[in-house]
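Novice: This is the structure, below, for whatever I ask next.
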Amino acid sequence: MALRSAQRTRVEPTRWRRMTEARGSGGAGRAPKQPAQLKVMIIDPNPNNRDRLKDLVRDLEFVASVSDRGSPHSILDVLAQNPVHVIMIDRNPGAGDVFEIVKVIRGKSVGAHTRFVLIGDAIDEAVQQQGAAVGIAAYLQRPYDQRSVERALMTAIGGSSGQAATAASASAQQAKARDGLRDTLDKLRKVSIFAGFTDQELVRLLKICRTRQFEAGTYVFHEGEKGTSLFVLVTGKLEIRSTADGEERVLVEMNPGDCFGEMAIIDSEPRSADAVAAADCTVIEVNESVVNNNDDIISLKLVRQIAILLAKKLRRQSLPHPR
């Protein structure tokens, strides 16, 4: 009788945590709730299976959101817009071979860091071997309950629910960093001097050059200084100024994408004017050593683009001014 009573009052771990927290903060020794971080996607052609699994996953404390799809159609486009940490995919996803689908997703940048849980009615050793070959991290066999779902997700991420939340947070930070890098590369691609550079070359350029911030009113360089760098304005506004007879005047207004200071590293002469931030701005400083390295494809491309830039400036100066 005692055994039956104990069985009758047994509660699943996740439900027990919720019940404990619902009692308020008076309970001594209560474990702190883990922040919801994990983003999960379910791919299953059976709508009833999707709904049941979604309910179980959504109820886990470390899960922030759950989305579902009936097939893997256009999944790369979906992940590009809404990346997730874990995809729980049925052994028969409704279109194509599941192992080939996982392989394709993991081979693309949008899915390179995504973990996979394979769901099926009979997951034997042969299936697990196929899954391991394409990077499937965990398996969920029907019939399942909340505990087995939680265990599968923790296995996919690697560790406890707290570690899952930490890993998800780290993955989110990586995604944010990737988005930031992509935004920077998109901005650089609009700069004429970086035309023709691949993503890999632009990333290398960012590593060997300095990205500098200037507040409005501060000088990037002064007239008469030795010039050892050229600059590319990424954000903000900048003015090239010169002082004559005690009067300062603006020679050129620079906008994002404009390059300045290139003459000094070509002819090794002192700066012919001041460069002043007219608003808070971000610039990339390219040292002359980068330009003068004849063994580097980046240097050769920069020299070519500088030559084109100077030719355009010369043509503009040689055009007759309207009267």
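In the structure tokens, the first chain shown is A, the next is B, and so on; residue numbers restart at 1 for each chain, and ligands run from 1 in the order shown.
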As a ChimeraX atom specification, which residues of stretch 31-260 of chain A does DSSP assign to alpha helix (DSSP H)?
Specialist: /A:47-58,75-81,98-106,125-134,146-157,161-189,199-208
Novice: Return the single residue from A:Lys237, A:Arg91, A:Lys226, A:Lys312 that is closest to A:Gly261, with distances computed using only C-alpha atoms.
Specialist: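 Closest to A:Gly261, using only C-alpha atoms: A:Lys226.
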Novice: Between atom CA of A:Gly257 and atom CA of A:Val191, what is the distance, to one decimal in Å?
Specialist: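 It comes out at 4.3 Å.
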Novice: Looking only at the backbone, which of the residues in stretch 139-262 of chain A does DSSP tag as strand (DSSP E), as an MDAnalysis selection string?
Specialist: chainID A and resid 139:141 210:214 219:221 229:235 238:244 247:254 259:260
Novice: Could you please determine the separation between atom CA of A:Pro143 and atom CA of A:Glu100 in Å, to one decimal place?
Specialist: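 So the answer is 25.0 Å.
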Novice: Give me, as a list in words, all polymer residues having an atom no more than 12 Å from A:Asp267, counting only C-alpha atoms and skipping those fewer than 3 positions away in the same chain.
Specialist: Lys226, Gly227, Thr228, Ser229, Gly261, Glu262, Met263, Ala264, Pro270, Arg271, Ser272 and Glu288 of chain A
Novice: Those residues you just picked out, can you put them in a file as an mmCIF file, in the first residue's frame with all heavy atoms?
Specialist:
data_model
loop_
_atom_site.group_PDB
_atom_site.id
_atom_site.type_symbol
_atom_site.label_atom_id
_atom_site.label_comp_id
_atom_site.auth_asym_id
_atom_site.auth_seq_id
_atom_site.Cartn_x
_atom_site.Cartn_y
_atom_site.Cartn_z
ATOM 1 N N LYS A 226 52.930 64.267 -40.812
ATOM 2 C CA LYS A 226 53.357 63.229 -41.754
ATOM 3 C C LYS A 226 52.223 62.234 -41.919
ATOM 4 O O LYS A 226 51.641 61.759 -40.943
ATOM 5 C CB LYS A 226 54.614 62.525 -41.231
ATOM 6 C CG LYS A 226 55.083 61.374 -42.134
ATOM 7 C CD LYS A 226 56.366 60.782 -41.635
ATOM 8 C CE LYS A 226 56.758 59.530 -42.407
ATOM 9 N NZ LYS A 226 56.812 59.729 -43.869
ATOM 10 N N GLY A 227 51.903 61.930 -43.142
ATOM 11 C CA GLY A 227 50.804 61.011 -43.406
ATOM 12 C C GLY A 227 51.282 59.583 -43.590
ATOM 13 O O GLY A 227 52.107 59.307 -44.466
ATOM 14 N N THR A 228 50.779 58.680 -42.768
ATOM 15 C CA THR A 228 51.156 57.265 -42.880
ATOM 16 C C THR A 228 49.932 56.373 -43.054
ATOM 17 O O THR A 228 50.057 55.152 -43.044
ATOM 18 C CB THR A 228 51.926 56.807 -41.619
ATOM 19 O OG1 THR A 228 51.108 57.008 -40.458
ATOM 20 C CG2 THR A 228 53.227 57.563 -41.474
ATOM 21 N N SER A 229 48.751 56.971 -43.199
ATOM 22 C CA SER A 229 47.525 56.179 -43.324
ATOM 23 C C SER A 229 46.542 56.887 -44.236
ATOM 24 O O SER A 229 46.560 58.108 -44.364
ATOM 25 C CB SER A 229 46.855 55.973 -41.953
ATOM 26 O OG SER A 229 47.726 55.358 -41.033
ATOM 27 N N GLY A 261 42.802 61.277 -47.248
ATOM 28 C CA GLY A 261 44.160 61.097 -46.737
ATOM 29 C C GLY A 261 45.036 60.184 -47.574
ATOM 30 O O GLY A 261 46.150 59.847 -47.178
ATOM 31 N N GLU A 262 44.539 59.817 -48.748
ATOM 32 C CA GLU A 262 45.297 58.854 -49.560
ATOM 33 C C GLU A 262 46.524 59.482 -50.215
ATOM 34 O O GLU A 262 47.510 58.784 -50.493
ATOM 35 C CB GLU A 262 44.390 58.223 -50.622
ATOM 36 C CG GLU A 262 43.972 59.118 -51.768
ATOM 37 C CD GLU A 262 42.844 60.064 -51.404
ATOM 38 O OE1 GLU A 262 42.354 60.001 -50.260
ATOM 39 O OE2 GLU A 262 42.449 60.865 -52.277
ATOM 40 N N MET A 263 46.510 60.795 -50.459
ATOM 41 C CA MET A 263 47.646 61.434 -51.140
ATOM 42 C C MET A 263 48.929 61.315 -50.329
ATOM 43 O O MET A 263 50.013 61.087 -50.877
ATOM 44 C CB MET A 263 47.328 62.915 -51.392
ATOM 45 C CG MET A 263 46.292 63.149 -52.485
ATOM 46 S SD MET A 263 46.827 62.535 -54.097
ATOM 47 C CE MET A 263 48.287 63.544 -54.352
ATOM 48 N N ALA A 264 48.818 61.443 -49.017
ATOM 49 C CA ALA A 264 50.017 61.450 -48.170
ATOM 50 C C ALA A 264 50.757 60.113 -48.218
ATOM 51 O O ALA A 264 51.989 60.085 -48.114
ATOM 52 C CB ALA A 264 49.639 61.794 -46.727
ATOM 53 N N PRO A 270 53.665 65.802 -46.301
ATOM 54 C CA PRO A 270 52.826 66.090 -45.134
ATOM 55 C C PRO A 270 51.368 66.317 -45.529
ATOM 56 O O PRO A 270 51.057 66.622 -46.689
ATOM 57 C CB PRO A 270 53.453 67.367 -44.559
ATOM 58 C CG PRO A 270 54.837 67.402 -45.094
ATOM 59 C CD PRO A 270 54.771 66.772 -46.449
ATOM 60 N N ARG A 271 50.479 66.176 -44.556
ATOM 61 C CA ARG A 271 49.056 66.397 -44.799
ATOM 62 C C ARG A 271 48.847 67.829 -45.283
ATOM 63 O O ARG A 271 49.419 68.776 -44.744
ATOM 64 C CB ARG A 271 48.249 66.189 -43.519
ATOM 65 C CG ARG A 271 48.393 64.813 -42.883
ATOM 66 C CD ARG A 271 47.689 63.740 -43.676
ATOM 67 N NE ARG A 271 47.668 62.471 -42.951
ATOM 68 C CZ ARG A 271 47.265 61.323 -43.474
ATOM 69 N NH1 ARG A 271 46.862 61.285 -44.747
ATOM 70 N NH2 ARG A 271 47.271 60.221 -42.757
ATOM 71 N N SER A 272 48.017 67.987 -46.298
ATOM 72 C CA SER A 272 47.789 69.311 -46.883
ATOM 73 C C SER A 272 46.607 70.028 -46.265
ATOM 74 O O SER A 272 46.336 71.188 -46.590
ATOM 75 C CB SER A 272 47.568 69.176 -48.393
ATOM 76 O OG SER A 272 46.461 68.323 -48.663
ATOM 77 N N GLU A 288 49.997 52.593 -44.313
ATOM 78 C CA GLU A 288 50.745 52.492 -45.567
ATOM 79 C C GLU A 288 51.413 51.137 -45.743
ATOM 80 O O GLU A 288 51.643 50.690 -46.871
ATOM 81 C CB GLU A 288 51.799 53.599 -45.638
ATOM 82 C CG GLU A 288 52.857 53.531 -44.559
ATOM 83 C CD GLU A 288 53.865 54.676 -44.647
ATOM 84 O OE1 GLU A 288 53.758 55.466 -45.600
ATOM 85 O OE2 GLU A 288 54.747 54.752 -43.775
#
Novice: Just to confirm, what's the straight-line distance from atom CA of A:Pro256 to atom CA of A:Thr198 in Å (one decimal)?
Specialist: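 Separation of atom CA of A:Pro256 and atom CA of A:Thr198: 20.0 Å.
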Novice: Find the spatial neighbours of A:Val252, counting only C-alpha atoms, within a cut-off of 7 Å - ignore same-chain residues fewer than 2 positions away - and output them as a ChimeraX atom specification.
Specialist: /A:239-240,250,254
